[in-house]
file work-v3.pdb (PDB, C-alpha atoms and all ligand atoms)
ATOM      1  CA  MET A  20     108.603  86.706 101.263  1.00  0.00           C
ATOM      2  CA  LEU A  21     107.701  86.608 104.921  1.00  0.00           C
ATOM      3  CA  SER A  22     108.359  83.739 107.293  1.00  0.00           C
ATOM      4  CA  GLY A  23     107.315  83.163 110.891  1.00  0.00           C
ATOM      5  CA  PHE A  24     105.107  81.326 113.301  1.00  0.00           C
ATOM      6  CA  VAL A  25     101.600  82.693 113.861  1.00  0.00           C
ATOM      7  CA  THR A  26      99.017  81.133 116.162  1.00  0.00           C
ATOM      8  CA  PHE A  27      95.262  81.731 116.326  1.00  0.00           C
ATOM      9  CA  GLU A  28      93.532  81.486 119.657  1.00  0.00           C
ATOM     10  CA  GLY A  29      90.085  82.046 121.094  1.00  0.00           C
ATOM     11  CA  ILE A  30      87.196  80.324 122.805  1.00  0.00           C
ATOM     12  CA  ASP A  31      85.040  77.808 120.940  1.00  0.00           C
ATOM     13  CA  GLY A  32      82.868  79.679 118.463  1.00  0.00           C
ATOM     14  CA  SER A  33      85.355  82.529 118.016  1.00  0.00           C
ATOM     15  CA  GLY A  34      85.838  81.608 114.348  1.00  0.00           C
ATOM     16  CA  LYS A  35      89.489  80.538 114.401  1.00  0.00           C
ATOM     17  CA  THR A  36      89.074  77.821 111.826  1.00  0.00           C
ATOM     18  CA  THR A  37      87.213  80.017 109.295  1.00  0.00           C
ATOM     19  CA  VAL A  38      89.530  82.970 109.837  1.00  0.00           C
ATOM     20  CA  SER A  39      92.763  80.954 109.661  1.00  0.00           C
ATOM     21  CA  ARG A  40      91.619  79.413 106.343  1.00  0.00           C
ATOM     22  CA  LEU A  41      90.761  82.817 104.884  1.00  0.00           C
ATOM     23  CA  VAL A  42      94.079  84.228 106.087  1.00  0.00           C
ATOM     24  CA  LYS A  43      95.940  81.329 104.456  1.00  0.00           C
ATOM     25  CA  GLU A  44      94.211  82.011 101.107  1.00  0.00           C
ATOM     26  CA  ARG A  45      94.894  85.723 101.253  1.00  0.00           C
ATOM     27  CA  LEU A  46      98.547  85.370 102.175  1.00  0.00           C
ATOM     28  CA  ARG A  47      99.004  82.792  99.394  1.00  0.00           C
ATOM     29  CA  SER A  48      97.355  85.058  96.856  1.00  0.00           C
ATOM     30  CA  GLN A  49      99.938  87.685  97.821  1.00  0.00           C
ATOM     31  CA  GLY A  50     102.716  85.245  96.956  1.00  0.00           C
ATOM     32  CA  HIS A  51     103.630  83.959 100.398  1.00  0.00           C
ATOM     33  CA  SER A  52     104.331  80.322 101.109  1.00  0.00           C
ATOM     34  CA  VAL A  53     101.936  79.265 103.858  1.00  0.00           C
ATOM     35  CA  PHE A  54     101.476  76.088 105.879  1.00  0.00           C
ATOM     36  CA  LEU A  55      98.225  75.899 107.863  1.00  0.00           C
ATOM     37  CA  THR A  56      98.038  73.424 110.715  1.00  0.00           C
ATOM     38  CA  SER A  57      96.014  72.907 113.889  1.00  0.00           C
ATOM     39  CA  GLU A  58      95.940  71.396 117.370  1.00  0.00           C
ATOM     40  CA  PRO A  59      94.833  68.887 118.447  1.00  0.00           C
ATOM     41  CA  THR A  60      96.624  67.562 115.350  1.00  0.00           C
ATOM     42  CA  ARG A  61      95.087  65.330 112.704  1.00  0.00           C
ATOM     43  CA  GLY A  62      97.681  62.623 113.422  1.00  0.00           C
ATOM     44  CA  TRP A  63      97.406  59.675 115.798  1.00  0.00           C
ATOM     45  CA  LEU A  64      98.534  61.718 118.784  1.00  0.00           C
ATOM     46  CA  GLY A  65      95.785  64.254 118.110  1.00  0.00           C
ATOM     47  CA  GLU A  66      93.289  61.419 117.741  1.00  0.00           C
ATOM     48  CA  THR A  67      94.464  60.093 121.090  1.00  0.00           C
ATOM     49  CA  VAL A  68      93.846  63.517 122.630  1.00  0.00           C
ATOM     50  CA  ARG A  69      90.285  63.530 121.259  1.00  0.00           C
ATOM     51  CA  ARG A  70      89.673  60.016 122.509  1.00  0.00           C
ATOM     52  CA  GLY A  71      90.971  60.925 125.939  1.00  0.00           C
ATOM     53  CA  ILE A  72      88.630  63.909 126.132  1.00  0.00           C
ATOM     54  CA  GLU A  73      85.639  61.843 124.983  1.00  0.00           C
ATOM     55  CA  LYS A  74      86.418  59.244 127.603  1.00  0.00           C
ATOM     56  CA  GLY A  75      86.601  61.927 130.260  1.00  0.00           C
ATOM     57  CA  VAL A  76      90.179  61.407 131.436  1.00  0.00           C
ATOM     58  CA  SER A  77      91.330  63.504 134.395  1.00  0.00           C
ATOM     59  CA  PRO A  78      92.405  67.124 133.833  1.00  0.00           C
ATOM     60  CA  LEU A  79      96.029  66.190 134.469  1.00  0.00           C
ATOM     61  CA  THR A  80      95.963  63.264 132.014  1.00  0.00           C
ATOM     62  CA  GLU A  81      94.286  65.482 129.433  1.00  0.00           C
ATOM     63  CA  THR A  82      97.011  68.091 129.956  1.00  0.00           C
ATOM     64  CA  PHE A  83      99.828  65.661 129.237  1.00  0.00           C
ATOM     65  CA  LEU A  84      98.033  64.328 126.155  1.00  0.00           C
ATOM     66  CA  PHE A  85      97.849  67.856 124.706  1.00  0.00           C
ATOM     67  CA  LEU A  86     101.524  68.435 125.559  1.00  0.00           C
ATOM     68  CA  ALA A  87     102.584  65.138 123.934  1.00  0.00           C
ATOM     69  CA  ASP A  88     100.672  66.026 120.759  1.00  0.00           C
ATOM     70  CA  ARG A  89     102.373  69.433 120.746  1.00  0.00           C
ATOM     71  CA  ALA A  90     105.869  68.027 121.306  1.00  0.00           C
ATOM     72  CA  ALA A  91     105.544  65.942 118.126  1.00  0.00           C
ATOM     73  CA  HIS A  92     103.825  68.754 116.214  1.00  0.00           C
ATOM     74  CA  ILE A  93     106.663  71.194 116.908  1.00  0.00           C
ATOM     75  CA  GLN A  94     109.033  69.099 114.794  1.00  0.00           C
ATOM     76  CA  GLU A  95     106.713  69.483 111.819  1.00  0.00           C
ATOM     77  CA  ILE A  96     106.206  73.215 112.433  1.00  0.00           C
ATOM     78  CA  ARG A  97     109.956  73.745 112.707  1.00  0.00           C
ATOM     79  CA  SER A  98     110.646  72.035 109.381  1.00  0.00           C
ATOM     80  CA  HIS A  99     108.197  74.367 107.600  1.00  0.00           C
ATOM     81  CA  LEU A 100     109.766  77.416 109.252  1.00  0.00           C
ATOM     82  CA  GLU A 101     113.193  76.244 108.178  1.00  0.00           C
ATOM     83  CA  ALA A 102     111.849  76.042 104.624  1.00  0.00           C
ATOM     84  CA  GLY A 103     111.061  79.775 104.924  1.00  0.00           C
ATOM     85  CA  GLU A 104     107.276  79.468 105.137  1.00  0.00           C
ATOM     86  CA  ILE A 105     104.684  81.251 107.223  1.00  0.00           C
ATOM     87  CA  VAL A 106     103.205  78.686 109.599  1.00  0.00           C
ATOM     88  CA  LEU A 107      99.651  79.384 110.764  1.00  0.00           C
ATOM     89  CA  CYS A 108      98.447  77.246 113.656  1.00  0.00           C
ATOM     90  CA  ASP A 109      94.788  77.026 114.701  1.00  0.00           C
ATOM     91  CA  ARG A 110      95.264  76.645 118.497  1.00  0.00           C
ATOM     92  CA  TYR A 111      98.597  76.087 120.210  1.00  0.00           C
ATOM     93  CA  ALA A 112     100.131  76.442 123.680  1.00  0.00           C
ATOM     94  CA  ASP A 113      97.805  79.246 124.803  1.00  0.00           C
ATOM     95  CA  SER A 114      94.856  76.846 124.371  1.00  0.00           C
ATOM     96  CA  THR A 115      96.463  74.621 126.983  1.00  0.00           C
ATOM     97  CA  TYR A 116      97.082  77.578 129.311  1.00  0.00           C
ATOM     98  CA  ALA A 117      93.510  78.836 128.860  1.00  0.00           C
ATOM     99  CA  TYR A 118      91.556  75.526 128.830  1.00  0.00           C
ATOM    100  CA  GLN A 119      93.617  73.250 131.062  1.00  0.00           C
ATOM    101  CA  GLY A 120      94.335  76.345 133.155  1.00  0.00           C
ATOM    102  CA  ALA A 121      90.566  76.356 133.828  1.00  0.00           C
ATOM    103  CA  HIS A 122      90.243  72.576 134.200  1.00  0.00           C
ATOM    104  CA  LEU A 123      93.090  72.278 136.676  1.00  0.00           C
ATOM    105  CA  VAL A 124      91.618  74.780 139.148  1.00  0.00           C
ATOM    106  CA  GLY A 125      91.312  72.882 142.418  1.00  0.00           C
ATOM    107  CA  VAL A 126      93.762  70.216 141.236  1.00  0.00           C
ATOM    108  CA  LEU A 127      96.899  72.349 141.306  1.00  0.00           C
ATOM    109  CA  ARG A 128      97.861  75.679 142.744  1.00  0.00           C
ATOM    110  CA  ASP A 129      98.283  78.364 140.042  1.00  0.00           C
ATOM    111  CA  PRO A 130      97.515  76.089 137.041  1.00  0.00           C
ATOM    112  CA  ILE A 131      98.525  78.568 134.312  1.00  0.00           C
ATOM    113  CA  ARG A 132     101.927  79.046 135.859  1.00  0.00           C
ATOM    114  CA  PHE A 133     102.332  75.264 136.204  1.00  0.00           C
ATOM    115  CA  LEU A 134     101.450  74.807 132.512  1.00  0.00           C
ATOM    116  CA  GLN A 135     103.776  77.576 131.368  1.00  0.00           C
ATOM    117  CA  ARG A 136     106.627  76.093 133.361  1.00  0.00           C
ATOM    118  CA  ALA A 137     105.898  72.614 132.003  1.00  0.00           C
ATOM    119  CA  SER A 138     106.273  74.106 128.514  1.00  0.00           C
ATOM    120  CA  GLU A 139     109.498  75.992 129.180  1.00  0.00           C
ATOM    121  CA  GLY A 140     112.604  75.001 127.287  1.00  0.00           C
ATOM    122  CA  TRP A 141     110.958  72.917 124.556  1.00  0.00           C
ATOM    123  CA  ILE A 142     108.030  74.924 123.275  1.00  0.00           C
ATOM    124  CA  LEU A 143     108.544  76.891 120.067  1.00  0.00           C
ATOM    125  CA  PRO A 144     107.388  80.438 120.878  1.00  0.00           C
ATOM    126  CA  PRO A 145     105.041  82.016 118.313  1.00  0.00           C
ATOM    127  CA  ASP A 146     106.190  85.255 116.674  1.00  0.00           C
ATOM    128  CA  LEU A 147     102.609  86.465 116.841  1.00  0.00           C
ATOM    129  CA  THR A 148      99.447  85.195 118.516  1.00  0.00           C
ATOM    130  CA  ILE A 149      96.118  86.492 117.252  1.00  0.00           C
ATOM    131  CA  LEU A 150      93.367  86.286 119.836  1.00  0.00           C
ATOM    132  CA  LEU A 151      89.911  86.240 118.264  1.00  0.00           C
ATOM    133  CA  ARG A 152      87.851  87.727 121.007  1.00  0.00           C
ATOM    134  CA  VAL A 153      84.111  87.126 121.356  1.00  0.00           C
ATOM    135  CA  SER A 154      81.948  87.056 124.447  1.00  0.00           C
ATOM    136  CA  PRO A 155      81.288  83.579 125.866  1.00  0.00           C
ATOM    137  CA  GLU A 156      77.584  84.107 125.055  1.00  0.00           C
ATOM    138  CA  VAL A 157      78.309  84.764 121.353  1.00  0.00           C
ATOM    139  CA  GLY A 158      80.768  81.845 121.248  1.00  0.00           C
ATOM    140  CA  PHE A 159      78.245  79.494 122.798  1.00  0.00           C
ATOM    141  CA  GLU A 160      75.456  80.659 120.484  1.00  0.00           C
ATOM    142  CA  ARG A 161      77.664  79.865 117.466  1.00  0.00           C
ATOM    143  CA  ILE A 162      78.539  76.331 118.589  1.00  0.00           C
ATOM    144  CA  LYS A 163      75.424  75.134 120.338  1.00  0.00           C
ATOM    145  CA  ASP A 164      74.061  73.228 117.330  1.00  0.00           C
ATOM    146  CA  ARG A 165      77.328  71.557 116.341  1.00  0.00           C
ATOM    147  CA  PRO A 166      76.870  67.798 115.948  1.00  0.00           C
ATOM    148  CA  HIS A 167      80.125  66.881 117.685  1.00  0.00           C
ATOM    149  CA  LYS A 168      79.945  68.571 121.029  1.00  0.00           C
ATOM    150  CA  ILE A 169      82.876  68.190 123.310  1.00  0.00           C
ATOM    151  CA  PRO A 170      82.369  68.383 127.041  1.00  0.00           C
ATOM    152  CA  PHE A 171      84.334  71.662 127.375  1.00  0.00           C
ATOM    153  CA  GLU A 172      81.652  73.701 125.743  1.00  0.00           C
ATOM    154  CA  ASP A 173      79.294  75.306 128.196  1.00  0.00           C
ATOM    155  CA  VAL A 174      78.948  78.991 128.903  1.00  0.00           C
ATOM    156  CA  ALA A 175      80.301  78.910 132.446  1.00  0.00           C
ATOM    157  CA  PHE A 176      83.403  77.044 131.325  1.00  0.00           C
ATOM    158  CA  LEU A 177      83.887  79.292 128.285  1.00  0.00           C
ATOM    159  CA  ARG A 178      83.693  82.275 130.617  1.00  0.00           C
ATOM    160  CA  ARG A 179      86.608  80.946 132.647  1.00  0.00           C
ATOM    161  CA  VAL A 180      88.578  80.178 129.490  1.00  0.00           C
ATOM    162  CA  ALA A 181      87.855  83.670 128.109  1.00  0.00           C
ATOM    163  CA  ALA A 182      89.140  85.252 131.333  1.00  0.00           C
ATOM    164  CA  ASN A 183      92.331  83.201 131.053  1.00  0.00           C
ATOM    165  CA  TYR A 184      92.818  84.362 127.447  1.00  0.00           C
ATOM    166  CA  ASP A 185      92.363  88.002 128.488  1.00  0.00           C
ATOM    167  CA  HIS A 186      95.032  87.515 131.121  1.00  0.00           C
ATOM    168  CA  LEU A 187      97.426  85.816 128.661  1.00  0.00           C
ATOM    169  CA  ALA A 188      96.818  88.486 126.001  1.00  0.00           C
ATOM    170  CA  LYS A 189      98.753  91.038 128.052  1.00  0.00           C
ATOM    171  CA  ALA A 190     101.953  89.532 126.613  1.00  0.00           C
ATOM    172  CA  ARG A 191     103.454  91.564 123.742  1.00  0.00           C
ATOM    173  CA  ARG A 192     103.294  88.787 121.165  1.00  0.00           C
ATOM    174  CA  PHE A 193      99.458  88.968 121.261  1.00  0.00           C
ATOM    175  CA  PHE A 194      97.191  90.947 118.984  1.00  0.00           C
ATOM    176  CA  VAL A 195      93.527  91.010 119.959  1.00  0.00           C
ATOM    177  CA  LEU A 196      90.789  91.238 117.310  1.00  0.00           C
ATOM    178  CA  ASP A 197      87.088  91.746 117.860  1.00  0.00           C
ATOM    179  CA  ALA A 198      85.770  88.520 116.338  1.00  0.00           C
ATOM    180  CA  ALA A 199      82.071  89.302 116.724  1.00  0.00           C
ATOM    181  CA  ARG A 200      82.358  90.919 113.256  1.00  0.00           C
ATOM    182  CA  PRO A 201      82.136  89.082 109.890  1.00  0.00           C
ATOM    183  CA  ALA A 202      84.999  86.647 109.226  1.00  0.00           C
ATOM    184  CA  GLU A 203      86.118  88.559 106.075  1.00  0.00           C
ATOM    185  CA  ILE A 204      86.731  91.749 108.027  1.00  0.00           C
ATOM    186  CA  VAL A 205      88.473  89.905 110.863  1.00  0.00           C
ATOM    187  CA  SER A 206      90.659  88.084 108.316  1.00  0.00           C
ATOM    188  CA  ASP A 207      91.660  91.327 106.550  1.00  0.00           C
ATOM    189  CA  GLU A 208      92.826  92.749 109.854  1.00  0.00           C
ATOM    190  CA  ALA A 209      94.634  89.529 110.736  1.00  0.00           C
ATOM    191  CA  VAL A 210      96.502  89.586 107.387  1.00  0.00           C
ATOM    192  CA  ALA A 211      97.511  93.234 107.885  1.00  0.00           C
ATOM    193  CA  THR A 212      98.757  92.428 111.389  1.00  0.00           C
ATOM    194  CA  ILE A 213     100.732  89.397 110.217  1.00  0.00           C
ATOM    195  CA  GLU A 214     102.418  91.399 107.446  1.00  0.00           C
ATOM    196  CA  ARG A 215     103.264  94.206 109.822  1.00  0.00           C
ATOM    197  CA  ARG A 216     104.585  92.012 112.637  1.00  0.00           C
ATOM    198  CA  LEU A 217     106.481  89.491 110.543  1.00  0.00           C
ATOM    199  CA  GLY A 218     107.776  92.262 108.282  1.00  0.00           C
ATOM    200  CA  SER A 219     109.294  94.137 111.211  1.00  0.00           C
ATOM    201  CA  ARG A 220     110.970  91.064 112.724  1.00  0.00           C
ATOM    202  CA  SER A 221     114.741  91.235 112.782  1.00  0.00           C
ATOM    203  CA  PRO A 222     116.143  88.527 110.485  1.00  0.00           C
ATOM    204  CA  SER A 223     117.291  85.470 112.446  1.00  0.00           C
TER     205      SER A 223
HETATM  206  P1  LIG B   1      89.017  72.536 118.303  1.00  0.00           P
HETATM  207  O1  LIG B   1      89.913  73.605 117.792  1.00  0.00           O
HETATM  208  O2  LIG B   1      87.611  72.892 118.561  1.00  0.00           O
HETATM  209  O3  LIG B   1      89.164  71.233 117.398  1.00  0.00           O
HETATM  210  P2  LIG B   1      88.204  70.668 116.275  1.00  0.00           P
HETATM  211  O4  LIG B   1      88.689  71.314 115.028  1.00  0.00           O
HETATM  212  O5  LIG B   1      88.459  69.188 116.338  1.00  0.00           O
HETATM  213  O6  LIG B   1      86.792  71.047 116.628  1.00  0.00           O
HETATM  214  O7  LIG B   1      89.681  71.953 119.639  1.00  0.00           O
HETATM  215  C1  LIG B   1      89.003  70.986 120.372  1.00  0.00           C
HETATM  216  C2  LIG B   1      88.920  71.390 121.818  1.00  0.00           C
HETATM  217  O8  LIG B   1      90.174  71.144 122.452  1.00  0.00           O
HETATM  218  C3  LIG B   1      88.588  72.850 122.061  1.00  0.00           C
HETATM  219  O9  LIG B   1      87.420  72.936 122.865  1.00  0.00           O
HETATM  220  C4  LIG B   1      89.751  73.384 122.819  1.00  0.00           C
HETATM  221  C5  LIG B   1      90.415  72.178 123.373  1.00  0.00           C
HETATM  222  N1  LIG B   1      91.879  72.318 123.587  1.00  0.00           N
HETATM  223  C6  LIG B   1      92.361  72.290 124.880  1.00  0.00           C
HETATM  224  O10 LIG B   1      91.598  72.171 125.855  1.00  0.00           O
HETATM  225  N2  LIG B   1      93.703  72.386 125.093  1.00  0.00           N
HETATM  226  C7  LIG B   1      94.590  72.490 124.069  1.00  0.00           C
HETATM  227  O11 LIG B   1      95.820  72.562 124.310  1.00  0.00           O
HETATM  228  C8  LIG B   1      94.077  72.509 122.721  1.00  0.00           C
HETATM  229  C9  LIG B   1      95.012  72.597 121.570  1.00  0.00           C
HETATM  230  C10 LIG B   1      92.708  72.424 122.519  1.00  0.00           C
END
call {"tool": "encode", "arguments": {"input": "work-v3.pdb", "output": "structure tokens"}}
result
Amino acid sequence: MLSGFVTFEGIDGSGKTTVSRLVKERLRSQGHSVFLTSEPTRGWLGETVRRGIEKGVSPLTETFLFLADRAAHIQEIRSHLEAGEIVLCDRYADSTYAYQGAHLVGVLRDPIRFLQRASEGWILPPDLTILLRVSPEVGFERIKDRPHKIPFEDVAFLRRVAANYDHLAKARRFFVLDAARPAEIVSDEAVATIERRLGSRSPS
């Protein structure tokens, strides 16, 4: 049985939610114990994040709301890892680096570096991060009719976020998948990657 912390990242419309659900089902059907979670969380801190965004709080306030939600979430993630499960997380720290990294341009110098440093020492590093890569145009096309639009979702902004993800994805823990393809195919590749990466991890 495999255990480890896997995060899914990508711009809005990249299919993270569909793919992470399919991956959960497939890993479970192969006998693994899987906990699927997401950020912003479904708890009151996550609700507070969503409210803050709707109200249009400043980029810096928004940043600290996401970080507060994550700080609490990490305790839950850790307890599932300690129980020997695979934890799949739909968005995590790289969402903050990519999205707030775009929002904080002009507010701070080198926003991504600021955000990474603000996360140092307490963040739980993923064993693997799967980046579902689609062009901002495809992402926008997929989300444009969603009833609950959030203000982050326009093509120009998604373009900046996508560029940040491409920069972040140079780190070794990333695996990049072409997510313009059907979710089933993307999920199969994600499952194979998870088994390979978590299977080759030295036991802690
Ligand atoms: P999303 O995954 O779309 O949530 P939902 O399932 O509620 O639709 O996340 C909502 C938005 O929050 C999305 O546009 C990305 C953004 N976000 C950040 O800007 N920073 C973060 O740290 C996280 C986790 C999400």
call {"tool": "resolve_selection", "arguments": {"input": "work-v3.pdb", "expression": "the PyMOL selection byres (((not hetatm)) within 6 of (chain B and resi 1))", "output": "ChimeraX atom specification"}}
result
/A:31,58-59,85,110-112,114-115,118-119,171
call {"tool": "atom_distance", "arguments": {"input": "work-v3.pdb", "atom1": "atom CA of A:Ser39", "atom2": "atom CA of A:Ala202"}}
result
9.6 Å
call {"tool": "resolve_selection", "arguments": {"input": "work-v3.pdb", "expression": "the PyMOL selection byres (((chain A and resi 97) around 12) and not hetatm)", "output": "MDAnalysis selection string"}}
result
chainID A and resid 22:24 54 89:96 98:107 141:145
call {"tool": "residues_around", "arguments": {"input": "work-v3.pdb", "residues": "A:Asp109", "least_positions_apart": "3", "cutoff": "7 Å", "atoms": "only C-alpha atoms", "output": "VMD selection string"}}
result
chain A and resid 26 to 28 35 to 36 39 56 to 58
call {"tool": "resolve_selection", "arguments": {"input": "work-v3.pdb", "expression": "the PyMOL selection byres (((chain A and resi 213) around 10) and not hetatm)", "output": "list in words"}}
result
Leu21, Ser22, Gly23, Phe24, Val25, Val42, Leu46, Ile105, Asp146, Leu147, Thr148, Ile149, Phe194, Asp207, Glu208, Ala209, Val210, Ala211, Thr212, Glu214, Arg215, Arg216, Leu217, Gly218 and Ser219 of chain A
call {"tool": "closest_atom_pairs", "arguments": {"input": "work-v3.pdb", "of": "stretch 109-167 of chain A", "to": "stretch 180-187 of chain A", "cutoff": "7 Å", "atoms": "only C-alpha atoms", "output": "Markdown table"}}
result
| residue | atom | partner | partner_atom | distance |
| --- | --- | --- | --- | --- |
| A:Ala117 | CA | A:Asn183 | CA | 5.0 |
| A:Tyr118 | CA | A:Val180 | CA | 5.6 |
| A:Ala121 | CA | A:Val180 | CA | 6.1 |
| A:Pro155 | CA | A:Ala181 | CA | 6.9 |
call {"tool": "residues_near_point", "arguments": {"input": "work-v3.pdb", "point": "(80.2, 89.8, 117.4)", "cutoff": "12 Å", "atoms": "all atoms listed in the file", "output": "ChimeraX atom specification"}}
result
/A:32-34,151-161,196-202,204-205
call {"tool": "atom_distance", "arguments": {"input": "work-v3.pdb", "atom1": "atom CA of A:Asp173", "atom2": "atom CA of A:Arg192"}}
result
28.4 Å
call {"tool": "atom_distance", "arguments": {"input": "work-v3.pdb", "atom1": "atom CA of A:Glu81", "atom2": "atom CA of A:Val195"}}
result
27.2 Å
call {"tool": "axis_aligned_box", "arguments": {"input": "work-v3.pdb", "around": "stretch 115-120 of chain A", "padding_each_side": "6 Å", "output": "AutoDock Vina command-line options"}}
result
--center_x 94.3 --center_y 76.0 --center_z 130.1 --size_x 17.5 --size_y 17.6 --size_z 18.2
call {"tool": "closest_residue", "arguments": {"input": "work-v3.pdb", "among": "A:Arg128, A:Phe176, A:Leu123, A:Gly29", "to": "A:Phe193", "atoms": "only C-alpha atoms"}}
result
A:Gly29
call {"tool": "closest_residue", "arguments": {"input": "work-v3.pdb", "among": "A:Val174, A:Cys108, A:Val53, A:Leu79", "to": "A:Met20", "atoms": "only C-alpha atoms"}}
result
A:Val53
call {"tool": "residues_near_point", "arguments": {"input": "work-v3.pdb", "point": "(98.3, 78.7, 133.0)", "cutoff": "7 Å", "atoms": "all atoms listed in the file", "output": "list of chain:residue names"}}
result
A:Tyr116, A:Ala117, A:Gly120, A:Pro130, A:Ile131, A:Arg132, A:Phe133, A:Leu134, A:Gln135
call {"tool": "build_atoms", "arguments": {"input": "work-v3.pdb", "residues": "stretch 176-183 of chain A", "atoms": "all heavy atoms", "output": "mmCIF file, in the frame of the given file"}}
result
data_model
loop_
_atom_site.group_PDB
_atom_site.id
_atom_site.type_symbol
_atom_site.label_atom_id
_atom_site.label_comp_id
_atom_site.auth_asym_id
_atom_site.auth_seq_id
_atom_site.Cartn_x
_atom_site.Cartn_y
_atom_site.Cartn_z
ATOM 1 N N PHE A 176 82.016 77.436 131.581
ATOM 2 C CA PHE A 176 83.403 77.044 131.325
ATOM 3 C C PHE A 176 84.057 78.018 130.341
ATOM 4 O O PHE A 176 85.197 78.470 130.562
ATOM 5 C CB PHE A 176 83.466 75.599 130.810
ATOM 6 C CG PHE A 176 84.876 75.131 130.601
ATOM 7 C CD1 PHE A 176 85.705 74.882 131.693
ATOM 8 C CD2 PHE A 176 85.393 74.968 129.327
ATOM 9 C CE1 PHE A 176 87.019 74.471 131.512
ATOM 10 C CE2 PHE A 176 86.710 74.561 129.134
ATOM 11 C CZ PHE A 176 87.522 74.314 130.231
ATOM 12 N N LEU A 177 83.326 78.348 129.267
ATOM 13 C CA LEU A 177 83.887 79.292 128.285
ATOM 14 C C LEU A 177 84.220 80.634 128.928
ATOM 15 O O LEU A 177 85.184 81.298 128.545
ATOM 16 C CB LEU A 177 82.917 79.508 127.111
ATOM 17 C CG LEU A 177 82.733 78.340 126.129
ATOM 18 C CD1 LEU A 177 81.884 78.775 124.933
ATOM 19 C CD2 LEU A 177 84.073 77.808 125.640
ATOM 20 N N ARG A 178 83.427 81.005 129.921
ATOM 21 C CA ARG A 178 83.693 82.275 130.617
ATOM 22 C C ARG A 178 85.049 82.233 131.325
ATOM 23 O O ARG A 178 85.822 83.180 131.293
ATOM 24 C CB ARG A 178 82.568 82.504 131.640
ATOM 25 C CG ARG A 178 82.098 83.925 131.642
ATOM 26 C CD ARG A 178 80.867 84.090 132.504
ATOM 27 N NE ARG A 178 79.655 84.152 131.698
ATOM 28 C CZ ARG A 178 78.506 83.570 131.985
ATOM 29 N NH1 ARG A 178 78.371 82.852 133.089
ATOM 30 N NH2 ARG A 178 77.478 83.707 131.190
ATOM 31 N N ARG A 179 85.322 81.099 131.951
ATOM 32 C CA ARG A 179 86.608 80.946 132.647
ATOM 33 C C ARG A 179 87.770 80.939 131.646
ATOM 34 O O ARG A 179 88.812 81.539 131.859
ATOM 35 C CB ARG A 179 86.621 79.641 133.447
ATOM 36 C CG ARG A 179 86.475 79.888 134.930
ATOM 37 C CD ARG A 179 86.289 78.603 135.691
ATOM 38 N NE ARG A 179 84.894 78.187 135.647
ATOM 39 C CZ ARG A 179 84.459 76.925 135.593
ATOM 40 N NH1 ARG A 179 85.299 75.928 135.568
ATOM 41 N NH2 ARG A 179 83.176 76.666 135.579
ATOM 42 N N VAL A 180 87.542 80.242 130.522
ATOM 43 C CA VAL A 180 88.578 80.178 129.490
ATOM 44 C C VAL A 180 88.826 81.582 128.917
ATOM 45 O O VAL A 180 89.974 81.993 128.733
ATOM 46 C CB VAL A 180 88.160 79.189 128.370
ATOM 47 C CG1 VAL A 180 89.148 79.225 127.218
ATOM 48 C CG2 VAL A 180 88.030 77.771 128.930
ATOM 49 N N ALA A 181 87.734 82.318 128.674
ATOM 50 C CA ALA A 181 87.855 83.670 128.109
ATOM 51 C C ALA A 181 88.641 84.573 129.057
ATOM 52 O O ALA A 181 89.484 85.371 128.618
ATOM 53 C CB ALA A 181 86.459 84.243 127.839
ATOM 54 N N ALA A 182 88.412 84.435 130.352
ATOM 55 C CA ALA A 182 89.140 85.252 131.333
ATOM 56 C C ALA A 182 90.625 84.886 131.303
ATOM 57 O O ALA A 182 91.494 85.766 131.379
ATOM 58 C CB ALA A 182 88.556 85.043 132.728
ATOM 59 N N ASN A 183 90.920 83.606 131.147
ATOM 60 C CA ASN A 183 92.331 83.201 131.053
ATOM 61 C C ASN A 183 92.987 83.798 129.809
ATOM 62 O O ASN A 183 94.121 84.269 129.854
ATOM 63 C CB ASN A 183 92.444 81.672 131.018
ATOM 64 C CG ASN A 183 92.213 81.045 132.385
ATOM 65 O OD1 ASN A 183 92.228 81.754 133.397
ATOM 66 N ND2 ASN A 183 92.005 79.746 132.419
#
